[in-house]
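S.K.: File name run_32.pdb; file contents PDB, C-alpha atoms and all ligand atoms; full text below.
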```pdb
ATOM      1  CA  MET A  25     -85.474 -52.710 -40.839
ATOM      2  CA  LYS A  26     -87.069 -50.356 -38.332
ATOM      3  CA  ILE A  27     -86.161 -51.354 -34.765
ATOM      4  CA  ILE A  28     -88.357 -49.816 -32.071
ATOM      5  CA  ASP A  29     -87.202 -51.794 -29.061
ATOM      6  CA  PHE A  30     -84.424 -54.151 -27.938
ATOM      7  CA  VAL A  31     -85.046 -56.939 -25.420
ATOM      8  CA  ARG A  32     -82.412 -59.144 -23.811
ATOM      9  CA  PRO A  33     -84.134 -62.161 -22.201
ATOM     10  CA  GLY A  34     -82.354 -64.243 -19.560
ATOM     11  CA  SER A  35     -83.415 -67.663 -20.803
ATOM     12  CA  ILE A  36     -84.499 -69.465 -23.930
ATOM     13  CA  GLU A  37     -87.968 -69.876 -22.449
ATOM     14  CA  ASN A  38     -88.317 -66.125 -21.850
ATOM     15  CA  ALA A  39     -87.072 -65.461 -25.373
ATOM     16  CA  ARG A  40     -89.647 -67.867 -26.788
ATOM     17  CA  VAL A  41     -92.509 -66.397 -24.746
ATOM     18  CA  THR A  42     -91.523 -62.841 -25.735
ATOM     19  CA  LEU A  43     -91.280 -63.764 -29.424
ATOM     20  CA  HIS A  44     -94.563 -65.622 -29.258
ATOM     21  CA  GLU A  45     -96.308 -62.606 -27.711
ATOM     22  CA  LEU A  46     -94.783 -60.186 -30.205
ATOM     23  CA  GLY A  47     -95.724 -62.345 -33.219
ATOM     24  CA  GLU A  48     -94.853 -60.599 -36.499
ATOM     25  CA  GLN A  49     -93.679 -57.546 -34.511
ATOM     26  CA  GLY A  50     -90.824 -59.481 -32.910
ATOM     27  CA  MET A  51     -87.579 -60.811 -34.340
ATOM     28  CA  PRO A  52     -84.678 -62.719 -32.787
ATOM     29  CA  ILE A  53     -81.286 -61.156 -33.298
ATOM     30  CA  ALA A  54     -77.854 -62.790 -32.945
ATOM     31  CA  GLY A  55     -74.960 -61.036 -34.749
ATOM     32  CA  GLY A  56     -77.228 -58.355 -36.244
ATOM     33  CA  THR A  57     -75.234 -58.243 -39.501
ATOM     34  CA  ALA A  58     -78.246 -59.030 -41.699
ATOM     35  CA  LEU A  59     -80.259 -56.028 -40.517
ATOM     36  CA  HIS A  60     -79.189 -53.750 -43.328
ATOM     37  CA  PHE A  61     -80.203 -56.359 -45.930
ATOM     38  CA  LEU A  62     -83.715 -56.681 -44.474
ATOM     39  CA  LYS A  63     -85.808 -54.061 -46.246
ATOM     40  CA  ASN A  64     -89.095 -54.490 -44.361
ATOM     41  CA  GLN A  65     -89.958 -51.123 -42.790
ATOM     42  CA  LYS A  66     -92.605 -52.459 -40.382
ATOM     43  CA  PRO A  67     -91.533 -51.626 -36.805
ATOM     44  CA  VAL A  68     -90.044 -54.592 -34.919
ATOM     45  CA  THR A  69     -88.815 -55.338 -31.427
ATOM     46  CA  VAL A  70     -85.602 -57.338 -31.598
ATOM     47  CA  VAL A  71     -84.988 -60.080 -29.051
ATOM     48  CA  ASP A  72     -81.285 -60.683 -28.446
ATOM     49  CA  ILE A  73     -80.605 -64.430 -28.277
ATOM     50  CA  SER A  74     -76.812 -64.172 -28.327
ATOM     51  CA  GLY A  75     -76.441 -64.712 -24.555
ATOM     52  CA  LEU A  76     -78.621 -67.791 -24.186
ATOM     53  CA  GLY A  77     -75.824 -70.358 -24.222
ATOM     54  CA  PHE A  78     -76.087 -71.759 -27.743
ATOM     55  CA  LYS A  79     -72.404 -71.247 -28.334
ATOM     56  CA  GLY A  80     -69.540 -73.629 -29.051
ATOM     57  CA  ILE A  81     -68.804 -76.855 -30.893
ATOM     58  CA  ALA A  82     -69.216 -80.269 -29.249
ATOM     59  CA  ASP A  83     -67.475 -83.360 -30.636
ATOM     60  CA  GLU A  84     -70.119 -86.079 -30.276
ATOM     61  CA  LYS A  85     -69.824 -89.746 -31.214
ATOM     62  CA  ASN A  86     -71.136 -89.464 -34.769
ATOM     63  CA  GLY A  87     -70.836 -85.794 -35.510
ATOM     64  CA  TYR A  88     -70.307 -82.193 -34.439
ATOM     65  CA  ARG A  89     -72.983 -80.147 -32.709
ATOM     66  CA  ILE A  90     -72.560 -76.415 -33.277
ATOM     67  CA  GLY A  91     -74.517 -73.910 -31.198
ATOM     68  CA  ALA A  92     -76.586 -71.500 -33.279
ATOM     69  CA  THR A  93     -74.993 -68.373 -31.806
ATOM     70  CA  THR A  94     -71.432 -69.579 -32.432
ATOM     71  CA  PRO A  95     -69.616 -66.860 -34.396
ATOM     72  CA  LEU A  96     -68.400 -67.986 -37.811
ATOM     73  CA  ALA A  97     -64.815 -67.038 -36.840
ATOM     74  CA  ASP A  98     -64.914 -69.759 -34.122
ATOM     75  CA  ILE A  99     -66.053 -72.336 -36.680
ATOM     76  CA  GLN A 100     -63.275 -71.198 -38.999
ATOM     77  CA  GLU A 101     -60.699 -71.876 -36.250
ATOM     78  CA  TYR A 102     -62.043 -75.283 -35.251
ATOM     79  CA  ARG A 103     -60.179 -78.417 -36.396
ATOM     80  CA  ALA A 104     -61.071 -82.054 -35.784
ATOM     81  CA  GLU A 105     -61.044 -85.481 -37.358
ATOM     82  CA  ARG A 106     -63.630 -86.094 -40.105
ATOM     83  CA  TRP A 107     -64.702 -82.465 -40.151
ATOM     84  CA  ALA A 108     -64.509 -80.005 -43.064
ATOM     85  CA  PHE A 109     -66.863 -77.145 -42.219
ATOM     86  CA  HIS A 110     -64.086 -74.602 -41.458
ATOM     87  CA  GLU A 111     -63.263 -74.622 -45.184
ATOM     88  CA  VAL A 112     -66.673 -73.122 -45.851
ATOM     89  CA  THR A 113     -66.798 -70.469 -43.133
ATOM     90  CA  ARG A 114     -63.343 -69.098 -43.937
ATOM     91  CA  ARG A 115     -64.591 -68.098 -47.403
ATOM     92  CA  LEU A 116     -67.509 -66.013 -46.118
ATOM     93  CA  ALA A 117     -67.246 -62.186 -46.305
ATOM     94  CA  THR A 118     -64.462 -60.642 -44.162
ATOM     95  CA  HIS A 119     -62.985 -61.609 -40.820
ATOM     96  CA  GLN A 120     -64.694 -58.634 -39.116
ATOM     97  CA  ILE A 121     -68.052 -59.958 -40.308
ATOM     98  CA  ARG A 122     -67.190 -63.542 -39.340
ATOM     99  CA  ASN A 123     -66.357 -62.343 -35.801
ATOM    100  CA  VAL A 124     -69.956 -61.189 -35.384
ATOM    101  CA  SER A 125     -72.127 -63.253 -37.749
ATOM    102  CA  THR A 126     -73.444 -66.484 -36.318
ATOM    103  CA  LEU A 127     -74.264 -69.887 -37.761
ATOM    104  CA  GLY A 128     -77.949 -69.546 -36.807
ATOM    105  CA  GLY A 129     -78.239 -66.095 -38.391
ATOM    106  CA  ASN A 130     -76.742 -67.351 -41.641
ATOM    107  CA  ILE A 131     -79.218 -70.208 -41.999
ATOM    108  CA  ALA A 132     -82.402 -68.843 -40.372
ATOM    109  CA  CYS A 133     -82.780 -66.125 -42.984
ATOM    110  CA  VAL A 134     -81.439 -67.297 -46.339
ATOM    111  CA  PHE A 135     -80.249 -64.820 -48.969
ATOM    112  CA  PRO A 136     -79.291 -65.903 -52.486
ATOM    113  CA  TRP A 137     -75.628 -65.439 -51.477
ATOM    114  CA  SER A 138     -75.857 -67.445 -48.225
ATOM    115  CA  ASP A 139     -72.912 -69.836 -48.182
ATOM    116  CA  LEU A 140     -73.547 -72.137 -45.238
ATOM    117  CA  PRO A 141     -76.884 -73.656 -46.350
ATOM    118  CA  VAL A 142     -75.235 -75.058 -49.502
ATOM    119  CA  SER A 143     -72.682 -77.085 -47.532
ATOM    120  CA  LEU A 144     -75.137 -78.066 -44.806
ATOM    121  CA  LEU A 145     -77.314 -79.614 -47.530
ATOM    122  CA  ALA A 146     -74.348 -81.587 -48.860
ATOM    123  CA  LEU A 147     -73.110 -82.540 -45.379
ATOM    124  CA  ASP A 148     -76.554 -83.930 -44.447
ATOM    125  CA  ALA A 149     -76.867 -81.659 -41.410
ATOM    126  CA  THR A 150     -79.794 -81.640 -38.991
ATOM    127  CA  ILE A 151     -81.127 -78.431 -37.479
ATOM    128  CA  THR A 152     -82.570 -78.308 -33.949
ATOM    129  CA  ILE A 153     -85.360 -75.818 -33.339
ATOM    130  CA  HIS A 154     -86.856 -74.584 -30.074
ATOM    131  CA  GLY A 155     -90.578 -74.131 -30.486
ATOM    132  CA  ASP A 156     -93.516 -75.186 -28.351
ATOM    133  CA  LYS A 157     -91.440 -78.324 -28.189
ATOM    134  CA  THR A 158     -87.887 -78.940 -29.368
ATOM    135  CA  TYR A 159     -87.741 -80.618 -32.749
ATOM    136  CA  GLU A 160     -85.173 -81.538 -35.398
ATOM    137  CA  MET A 161     -85.327 -80.998 -39.121
ATOM    138  CA  PRO A 162     -83.025 -82.364 -41.855
ATOM    139  CA  ALA A 163     -81.333 -79.577 -43.828
ATOM    140  CA  THR A 164     -83.110 -80.696 -47.017
ATOM    141  CA  LYS A 165     -86.483 -79.920 -45.414
ATOM    142  CA  PHE A 166     -85.308 -76.811 -43.529
ATOM    143  CA  PHE A 167     -84.074 -75.145 -46.755
ATOM    144  CA  GLU A 168     -87.033 -76.214 -48.914
ATOM    145  CA  LYS A 169     -88.443 -72.689 -48.517
ATOM    146  CA  GLN A 170     -87.282 -69.533 -46.757
ATOM    147  CA  PRO A 171     -86.845 -70.760 -43.127
ATOM    148  CA  ALA A 172     -87.339 -67.239 -41.681
ATOM    149  CA  ARG A 173     -91.020 -67.438 -42.687
ATOM    150  CA  PHE A 174     -91.973 -70.415 -40.568
ATOM    151  CA  LEU A 175     -89.546 -69.532 -37.768
ATOM    152  CA  ARG A 176     -90.921 -65.985 -37.415
ATOM    153  CA  THR A 177     -94.603 -66.949 -37.597
ATOM    154  CA  GLN A 178     -94.130 -69.493 -34.844
ATOM    155  CA  GLY A 179     -91.603 -67.495 -32.777
ATOM    156  CA  ASP A 180     -89.210 -70.455 -33.029
ATOM    157  CA  ILE A 181     -85.454 -70.281 -32.471
ATOM    158  CA  VAL A 182     -82.708 -72.383 -34.056
ATOM    159  CA  SER A 183     -80.584 -73.718 -31.196
ATOM    160  CA  ASP A 184     -77.961 -75.876 -32.904
ATOM    161  CA  VAL A 185     -76.834 -77.688 -36.019
ATOM    162  CA  PHE A 186     -75.556 -81.270 -36.111
ATOM    163  CA  ILE A 187     -73.088 -82.239 -38.845
ATOM    164  CA  PRO A 188     -72.305 -85.972 -39.215
ATOM    165  CA  LYS A 189     -68.629 -86.924 -39.226
ATOM    166  CA  LEU A 190     -67.238 -87.734 -42.656
ATOM    167  CA  GLY A 191     -66.891 -91.512 -42.827
ATOM    168  CA  ALA A 192     -64.055 -93.581 -44.288
ATOM    169  CA  HIS A 193     -63.650 -93.256 -48.080
ATOM    170  CA  THR A 194     -65.880 -90.193 -47.948
ATOM    171  CA  GLY A 195     -64.718 -86.901 -49.424
ATOM    172  CA  PHE A 196     -65.919 -83.300 -49.263
ATOM    173  CA  GLY A 197     -65.664 -80.846 -52.154
ATOM    174  CA  TYR A 198     -66.494 -77.139 -51.930
ATOM    175  CA  HIS A 199     -66.151 -74.177 -54.251
ATOM    176  CA  LYS A 200     -67.379 -70.588 -54.029
ATOM    177  CA  GLU A 201     -66.878 -68.516 -57.163
ATOM    178  CA  VAL A 202     -66.468 -64.789 -56.436
ATOM    179  CA  ARG A 203     -65.307 -61.742 -58.347
ATOM    180  CA  THR A 204     -63.409 -60.310 -55.387
ATOM    181  CA  MET A 205     -62.004 -62.074 -52.340
ATOM    182  CA  SER A 206     -64.814 -61.035 -49.944
ATOM    183  CA  GLY A 207     -67.532 -60.716 -52.584
ATOM    184  CA  PHE A 208     -70.925 -62.393 -52.686
ATOM    185  CA  SER A 209     -71.091 -65.790 -54.317
ATOM    186  CA  GLN A 210     -71.663 -66.027 -58.055
ATOM    187  CA  MET A 211     -71.873 -69.803 -57.783
ATOM    188  CA  THR A 212     -71.374 -72.019 -54.738
ATOM    189  CA  MET A 213     -71.363 -75.808 -54.780
ATOM    190  CA  ALA A 214     -70.649 -78.476 -52.197
ATOM    191  CA  THR A 215     -70.575 -82.247 -52.383
ATOM    192  CA  VAL A 216     -70.009 -85.248 -50.127
ATOM    193  CA  MET A 217     -69.049 -88.442 -51.971
ATOM    194  CA  HIS A 218     -68.755 -91.935 -50.538
ATOM    195  CA  LEU A 219     -66.710 -94.495 -52.497
ATOM    196  CA  GLU A 220     -66.595 -98.258 -52.440
ATOM    197  CA  GLY A 221     -63.456 -99.040 -54.364
ATOM    198  CA  ASP A 222     -63.814 -96.816 -57.432
ATOM    199  CA  THR A 223     -67.604 -96.878 -57.363
ATOM    200  CA  ILE A 224     -69.630 -93.926 -56.120
ATOM    201  CA  GLN A 225     -71.775 -95.563 -53.504
ATOM    202  CA  SER A 226     -73.610 -92.368 -52.545
ATOM    203  CA  VAL A 227     -73.254 -88.669 -53.230
ATOM    204  CA  ARG A 228     -74.957 -85.448 -52.137
ATOM    205  CA  VAL A 229     -74.549 -82.334 -54.235
ATOM    206  CA  ALA A 230     -75.917 -78.855 -53.464
ATOM    207  CA  ALA A 231     -75.695 -75.483 -55.182
ATOM    208  CA  GLY A 232     -76.450 -71.847 -54.418
ATOM    209  CA  GLY A 233     -75.413 -68.344 -55.373
ATOM    210  CA  ALA A 234     -77.091 -68.284 -58.785
ATOM    211  CA  LEU A 235     -80.337 -69.768 -57.422
ATOM    212  CA  PRO A 236     -83.048 -68.026 -55.373
ATOM    213  CA  ILE A 237     -82.526 -70.518 -52.537
ATOM    214  CA  PRO A 238     -79.828 -73.188 -52.177
ATOM    215  CA  GLN A 239     -80.905 -76.638 -53.301
ATOM    216  CA  ARG A 240     -79.696 -80.181 -53.824
ATOM    217  CA  LEU A 241     -79.046 -81.262 -57.399
ATOM    218  CA  ALA A 242     -81.107 -84.450 -57.439
ATOM    219  CA  GLU A 243     -80.491 -85.264 -61.097
ATOM    220  CA  THR A 244     -76.732 -84.973 -60.642
ATOM    221  CA  GLU A 245     -76.810 -87.199 -57.562
ATOM    222  CA  GLU A 246     -78.850 -89.823 -59.397
ATOM    223  CA  ALA A 247     -76.600 -89.776 -62.460
ATOM    224  CA  LEU A 248     -73.457 -90.277 -60.359
ATOM    225  CA  THR A 249     -74.652 -92.969 -57.959
ATOM    226  CA  GLY A 250     -73.367 -96.445 -58.797
ATOM    227  CA  GLN A 251     -70.941 -95.176 -61.457
ATOM    228  CA  THR A 252     -67.186 -95.632 -61.570
ATOM    229  CA  ALA A 253     -65.677 -92.276 -60.592
ATOM    230  CA  ASP A 254     -63.441 -90.739 -63.249
ATOM    231  CA  ALA A 255     -62.694 -87.416 -64.900
ATOM    232  CA  ASN A 256     -64.668 -88.114 -68.109
ATOM    233  CA  LEU A 257     -67.753 -89.116 -66.155
ATOM    234  CA  PHE A 258     -67.591 -85.948 -64.041
ATOM    235  CA  GLN A 259     -67.223 -83.733 -67.102
ATOM    236  CA  SER A 260     -70.175 -85.175 -68.953
ATOM    237  CA  ILE A 261     -72.468 -85.346 -65.890
ATOM    238  CA  ALA A 262     -71.513 -81.798 -64.901
ATOM    239  CA  ARG A 263     -72.440 -80.565 -68.382
ATOM    240  CA  GLU A 264     -75.614 -82.617 -68.864
ATOM    241  CA  THR A 265     -77.232 -82.297 -65.433
ATOM    242  CA  THR A 266     -76.764 -78.544 -65.011
ATOM    243  CA  LYS A 267     -78.069 -77.409 -68.393
ATOM    244  CA  ASP A 268     -81.800 -77.413 -67.553
ATOM    245  CA  ILE A 269     -81.550 -75.785 -64.123
ATOM    246  CA  PRO A 270     -82.868 -72.184 -64.206
ATOM    247  CA  TRP A 271     -79.627 -70.496 -63.091
ATOM    248  CA  ARG A 272     -79.887 -66.776 -62.488
ATOM    249  CA  GLY A 273     -77.607 -64.246 -64.053
ATOM    250  CA  LYS A 274     -76.113 -61.843 -61.508
ATOM    251  CA  GLU A 275     -73.388 -59.247 -61.014
ATOM    252  CA  GLY A 276     -72.998 -58.753 -64.742
ATOM    253  CA  MET A 277     -73.248 -62.453 -65.615
ATOM    254  CA  SER A 278     -75.916 -63.645 -68.040
ATOM    255  CA  GLU A 279     -77.991 -66.754 -67.313
ATOM    256  CA  GLU A 280     -76.033 -68.495 -70.047
ATOM    257  CA  TYR A 281     -72.764 -67.635 -68.314
ATOM    258  CA  SER A 282     -74.107 -68.942 -64.969
ATOM    259  CA  ARG A 283     -75.052 -72.224 -66.673
ATOM    260  CA  HIS A 284     -71.553 -72.580 -68.088
ATOM    261  CA  LEU A 285     -70.027 -71.690 -64.709
ATOM    262  CA  ALA A 286     -72.245 -74.285 -62.994
ATOM    263  CA  SER A 287     -70.820 -77.115 -65.088
ATOM    264  CA  ILE A 288     -67.224 -75.983 -64.412
ATOM    265  CA  VAL A 289     -67.768 -75.597 -60.668
ATOM    266  CA  LEU A 290     -69.598 -78.924 -60.424
ATOM    267  CA  ASN A 291     -66.755 -80.693 -62.180
ATOM    268  CA  ASP A 292     -64.303 -79.047 -59.719
ATOM    269  CA  VAL A 293     -66.151 -80.016 -56.538
ATOM    270  CA  LEU A 294     -66.637 -83.598 -57.706
ATOM    271  CA  THR A 295     -62.929 -83.896 -58.459
ATOM    272  CA  HIS A 296     -62.056 -82.432 -55.014
ATOM    273  CA  ALA A 297     -64.427 -84.809 -53.251
ATOM    274  CA  LEU A 298     -63.048 -87.810 -55.164
ATOM    275  CA  ASN A 299     -59.428 -86.958 -54.280
ATOM    276  CA  HIS A 300     -60.407 -86.316 -50.669
ATOM    277  CA  ALA A 301     -62.334 -89.623 -50.460
ATOM    278  CA  LYS A 302     -59.365 -91.563 -51.868
ATOM    279  CA  GLU A 303     -57.094 -90.154 -49.116
ATOM    280  CA  ARG A 304     -59.455 -91.099 -46.311
ATOM    281  CA  THR A 305     -59.476 -94.511 -44.682
TER     282      THR A 305
HETATM  283  C1  LIG B   1     -71.083 -56.839 -46.023
HETATM  284  C2  LIG B   1     -71.549 -58.248 -45.746
HETATM  285  C3  LIG B   1     -71.194 -59.252 -46.623
HETATM  286  C4  LIG B   1     -71.634 -60.555 -46.395
HETATM  287  N1  LIG B   1     -71.270 -61.548 -47.272
HETATM  288  C5  LIG B   1     -71.742 -62.793 -47.079
HETATM  289  C6  LIG B   1     -71.445 -63.845 -47.987
HETATM  290  O1  LIG B   1     -70.732 -63.681 -48.955
HETATM  291  N2  LIG B   1     -71.960 -65.074 -47.731
HETATM  292  C7  LIG B   1     -72.740 -65.333 -46.645
HETATM  293  O2  LIG B   1     -73.187 -66.457 -46.467
HETATM  294  N3  LIG B   1     -73.014 -64.368 -45.754
HETATM  295  C8  LIG B   1     -72.535 -63.120 -45.939
HETATM  296  N4  LIG B   1     -72.823 -62.141 -45.043
HETATM  297  C9  LIG B   1     -73.533 -62.510 -43.809
HETATM  298  C10 LIG B   1     -75.013 -62.724 -44.031
HETATM  299  O3  LIG B   1     -75.516 -61.934 -45.057
HETATM  300  C11 LIG B   1     -75.800 -62.409 -42.755
HETATM  301  O4  LIG B   1     -75.620 -61.037 -42.448
HETATM  302  C12 LIG B   1     -75.350 -63.219 -41.558
HETATM  303  O5  LIG B   1     -75.137 -64.552 -41.874
HETATM  304  C13 LIG B   1     -76.395 -63.132 -40.459
HETATM  305  O6  LIG B   1     -75.882 -63.642 -39.252
HETATM  306  P1  LIG B   1     -76.170 -62.873 -37.894
HETATM  307  O7  LIG B   1     -75.751 -63.740 -36.775
HETATM  308  O8  LIG B   1     -75.582 -61.514 -37.933
HETATM  309  O9  LIG B   1     -77.770 -62.822 -37.927
HETATM  310  P2  LIG B   1     -78.763 -61.645 -37.555
HETATM  311  O10 LIG B   1     -78.503 -60.452 -38.401
HETATM  312  O11 LIG B   1     -78.761 -61.434 -36.083
HETATM  313  O12 LIG B   1     -80.135 -62.330 -37.956
HETATM  314  C14 LIG B   1     -80.387 -62.646 -39.314
HETATM  315  C15 LIG B   1     -81.793 -63.246 -39.428
HETATM  316  O13 LIG B   1     -81.833 -64.532 -38.824
HETATM  317  C16 LIG B   1     -82.738 -64.565 -37.719
HETATM  318  N5  LIG B   1     -82.038 -65.335 -36.677
HETATM  319  C17 LIG B   1     -80.771 -65.145 -36.238
HETATM  320  N6  LIG B   1     -80.426 -66.125 -35.398
HETATM  321  C18 LIG B   1     -81.509 -66.938 -35.291
HETATM  322  C19 LIG B   1     -81.774 -68.139 -34.574
HETATM  323  N7  LIG B   1     -80.849 -68.747 -33.802
HETATM  324  N8  LIG B   1     -83.008 -68.712 -34.673
HETATM  325  C20 LIG B   1     -83.971 -68.148 -35.472
HETATM  326  N9  LIG B   1     -83.765 -67.017 -36.195
HETATM  327  C21 LIG B   1     -82.542 -66.427 -36.092
HETATM  328  C22 LIG B   1     -83.012 -63.122 -37.367
HETATM  329  O14 LIG B   1     -84.307 -62.969 -36.841
HETATM  330  C23 LIG B   1     -82.879 -62.436 -38.729
HETATM  331  O15 LIG B   1     -84.070 -62.606 -39.471
HETATM  332  C24 LIG B   1     -72.417 -60.843 -45.254
HETATM  333  C25 LIG B   1     -72.761 -59.823 -44.360
HETATM  334  C26 LIG B   1     -72.333 -58.533 -44.606
HETATM  335  C27 LIG B   1     -72.716 -57.458 -43.614
END
```
Could you write out this structure as structure tokens?

M.R.:
Amino acid sequence: MKIIDFVRPGSIENARVTLHELGEQGMPIAGGTALHFLKNQKPVTVVDISGLGFKGIADEKNGYRIGATTPLADIQEYRAERWAFHEVTRRLATHQIRNVSTLGGNIACVFPWSDLPVSLLALDATITIHGDKTYEMPATKFFEKQPARFLRTQGDIVSDVFIPKLGAHTGFGYHKEVRTMSGFSQMTMATVMHLEGDTIQSVRVAAGGALPIPQRLAETEEALTGQTADANLFQSIARETTKDIPWRGKEGMSEEYSRHLASIVLNDVLTHALNHAKERT
């Protein structure tokens, strides 16, 4: 990334106008930790959005609203009822990086190793975006393609993320497989499961790490919904519904290994979510 100028606007409106005027030559910046991964050598002016007030976590009636420039370390420290997102942020890189990296930066430009999009897909999050007008987008739509593309072309800024509270009998499961403690993900999966008695009433499952962009596992969700939750079911669905997904090999792993890992990790997160759901009234 070749930075030729640095602008610090005083308001979101000024930031938007500046980014709009700069077009492809402008780029918002929050923590700045992704700069060395961005290989584009075209000169850019960076627009610092870290001081525009999108910071902090608000406990609203049905969910948690997290400002886009909230550092990941703050999310890691946060605790509340029917909330599980700290479990995800604490597994990302090192604490030095989490002190600086922001939620918005992690989701606006998605790398294959990006951890937060996977859980936001499972948690059914909604992303608020400041453009010509303010609009909201469900995570499933936001992560359909690389968000940075549409955000940059339009000069739009992510302002916050809303995560619904986990309801009664609803469990969260998360696993990030790494070779070293602060390493990039080899396989990340997250799930939110809602039970009625022993029946899986609804479930959302998402995966990343060994995929170009995080995605929901629609076939897995369909196969689980309406079934009685038990270990044998999880094992067979984990094996059957992951085998045709084009997992990528990475960091010395073959595609075949990634496929095998996917079924193990899926089984794990489903089991976690089931146990969590059973504890929750
Ligand atoms: C050594 C290292 C290891 C890492 N390991 C991991 C890992 O294992 N898993 C993981 O998930 N992450 C990891 N990260 C962090 C990740 O790769 C990104 O660097 C980080 O999430 C970016 O956050 P930031 O606030 O620094 O964003 P920035 O670097 O400031 O910006 C990143 C991109 O997002 C855009 N952007 C930022 N904020 C907004 C906004 N509010 N609205 C619109 N666009 C915006 C910018 O224009 C830029 O394109 C690692 C980082 C480092 C340096």

S.K.: Of the candidates A:Lys274, A:Lys267, A:Arg176, A:Lys165, which shows the shortest atom-to-atom distance to Pro141 of chain A, using only C-alpha atoms?

M.R.: A:Lys165

S.K.: Edge lengths and centre in Å to one decimal, as AutoDock Vina command-line options, is what I'm after for the box along x, y and z that holds all listed atoms of segment 155-174 of chain A once 4 Å is added on each side.

M.R.:
```
--center_x -87.4 --center_y -74.8 --center_z -38.6 --size_x 20.2 --size_y 23.1 --size_z 28.7
```

S.K.: Go through chain A and flag each residue having an atom no more than 6 Å from ligand LIG 1 (chain B); for those, report the closest pair of atoms plus their distance in Å to one decimal, using only C-alpha atoms and all ligand atoms, ordered by chain and rising number, as a tab-separated table.

M.R.:
```
residue	atom	partner	partner_atom	distance
A:Met51	CA	B:LIG1	O14	4.6
A:Pro52	CA	B:LIG1	O14	4.1
A:Ile53	CA	B:LIG1	O11	3.8
A:Ala54	CA	B:LIG1	O11	3.5
A:Gly55	CA	B:LIG1	O8	3.3
A:Gly56	CA	B:LIG1	O10	3.3
A:Thr57	CA	B:LIG1	O8	3.6
A:Ala58	CA	B:LIG1	O4	3.4
A:Leu59	CA	B:LIG1	O10	5.2
A:Ala92	CA	B:LIG1	N7	5.1
A:Leu116	CA	B:LIG1	N2	4.8
A:Ala117	CA	B:LIG1	N1	4.2
A:Ser125	CA	B:LIG1	O7	3.8
A:Thr126	CA	B:LIG1	O7	3.6
A:Gly128	CA	B:LIG1	N7	4.3
A:Gly129	CA	B:LIG1	O9	3.3
A:Asn130	CA	B:LIG1	O5	3.2
A:Ala132	CA	B:LIG1	O13	4.6
A:Cys133	CA	B:LIG1	O13	4.6
A:Trp137	CA	B:LIG1	N2	5.3
A:Ser138	CA	B:LIG1	O2	3.3
A:Asp139	CA	B:LIG1	O2	3.8
A:Leu140	CA	B:LIG1	O2	5.8
A:Ile181	CA	B:LIG1	N8	3.6
A:Val182	CA	B:LIG1	N8	3.7
A:Ser183	CA	B:LIG1	N7	5.6
A:Gly207	CA	B:LIG1	O1	5.7
A:Phe208	CA	B:LIG1	O1	4.0
A:Ser209	CA	B:LIG1	O1	5.8
```

S.K.: Identify, on the basis of all atoms listed in the file, every residue whose closest approach to Asp98 of chain A does not exceed 9 Å; exclude the query and any residue fewer than 4 positions from it along the same chain; express the result as a PyMOL selection string.

M.R.: chain A and resi 80-81+94+102+110+122-123

S.K.: Step by step, work through what the PyMOL selection byres (((chain A and resi 193-206) around 8) and not hetatm) selects in the shown file, and finish by giving those residues as a PyMOL selection string.

M.R.: chain A and resi 108+111-112+115-118+143+190-192+207-220+289+292-305

S.K.: Atom CA of Ala104 of chain A to atom CA of Gln120 of chain A: how many Å, to one decimal?

M.R.: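 According to the coordinates, atom CA of Ala104 of chain A and atom CA of Gln120 of chain A are separated by 23.9 Å.
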
S.K.: Between atom CA of Asp268 of chain A and atom CA of Leu248 of chain A, what is the distance, to one decimal in Å?

M.R.: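 A separation of 16.9 Å between them.
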
S.K.: To verify the selection step, state as a list in words which residues the PyMOL selection byres (((chain A and resi 155) around 10) and not hetatm) yields on this input.

M.R.: Glu37, Arg40, Val41, His44, Thr152, Ile153, His154, Asp156, Lys157, Thr158, Tyr159, Leu175, Gln178, Gly179, Asp180, Ile181 and Val182 of chain A

S.K.: How far is it from atom CA of Ala234 of chain A to atom CA of Arg106 of chain A, in Å with one decimal?

M.R.: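 Atom-to-atom, atom CA of Ala234 of chain A to atom CA of Arg106 of chain A, that is 29.1 Å.
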
S.K.: May I have the residues within 8 Å of Phe167 of chain A as an MDAnalysis selection string, using all atoms listed in the file and disregarding those fewer than 2 positions away in the same chain?

M.R.: chainID A and resid 141 163:165 169:171 237:239

S.K.: Pick from A:Pro188, A:Pro95, A:Gly87, A:Gly233: nearest to Arg283 of chain A, with only C-alpha atoms counted?

M.R.: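 Checking each candidate against Arg283 of chain A, we get A:Gly233 as the closest.
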
S.K.: Write out as a list in words each polymer residue whose atoms come within 10 Å of Leu62 of chain A, counting all atoms listed in the file; drop sequence neighbours fewer than 6 positions from it.

M.R.: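 Listed by chain and then number, they are Met25, Lys26, Cys133 and Phe135 of chain A.
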
S.K.: Please produce a file of the residues just selected, as an mmCIF file, keeping the file's coordinate frame, where the atoms kept are C-alpha atoms.

M.R.:
```cif
data_model
loop_
_atom_site.group_PDB
_atom_site.id
_atom_site.type_symbol
_atom_site.label_atom_id
_atom_site.label_comp_id
_atom_site.auth_asym_id
_atom_site.auth_seq_id
_atom_site.Cartn_x
_atom_site.Cartn_y
_atom_site.Cartn_z
ATOM 1 C CA MET A 25 -85.474 -52.710 -40.839
ATOM 2 C CA LYS A 26 -87.069 -50.356 -38.332
ATOM 3 C CA CYS A 133 -82.780 -66.125 -42.984
ATOM 4 C CA PHE A 135 -80.249 -64.820 -48.969
#
```

S.K.: Rank nothing, just name the residue among A:Thr69, A:Asn86, A:Gln251, A:Thr93 nearest to Asp184 of chain A, using all atoms listed in the file.

M.R.: A:Thr93

S.K.: Between A:Ile261, A:Leu96, A:Ile36, A:Val31, single out the one closest to Val68 of chain A, counting all atoms listed in the file.

M.R.: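 So, comparing all the options, the nearest one is A:Val31.
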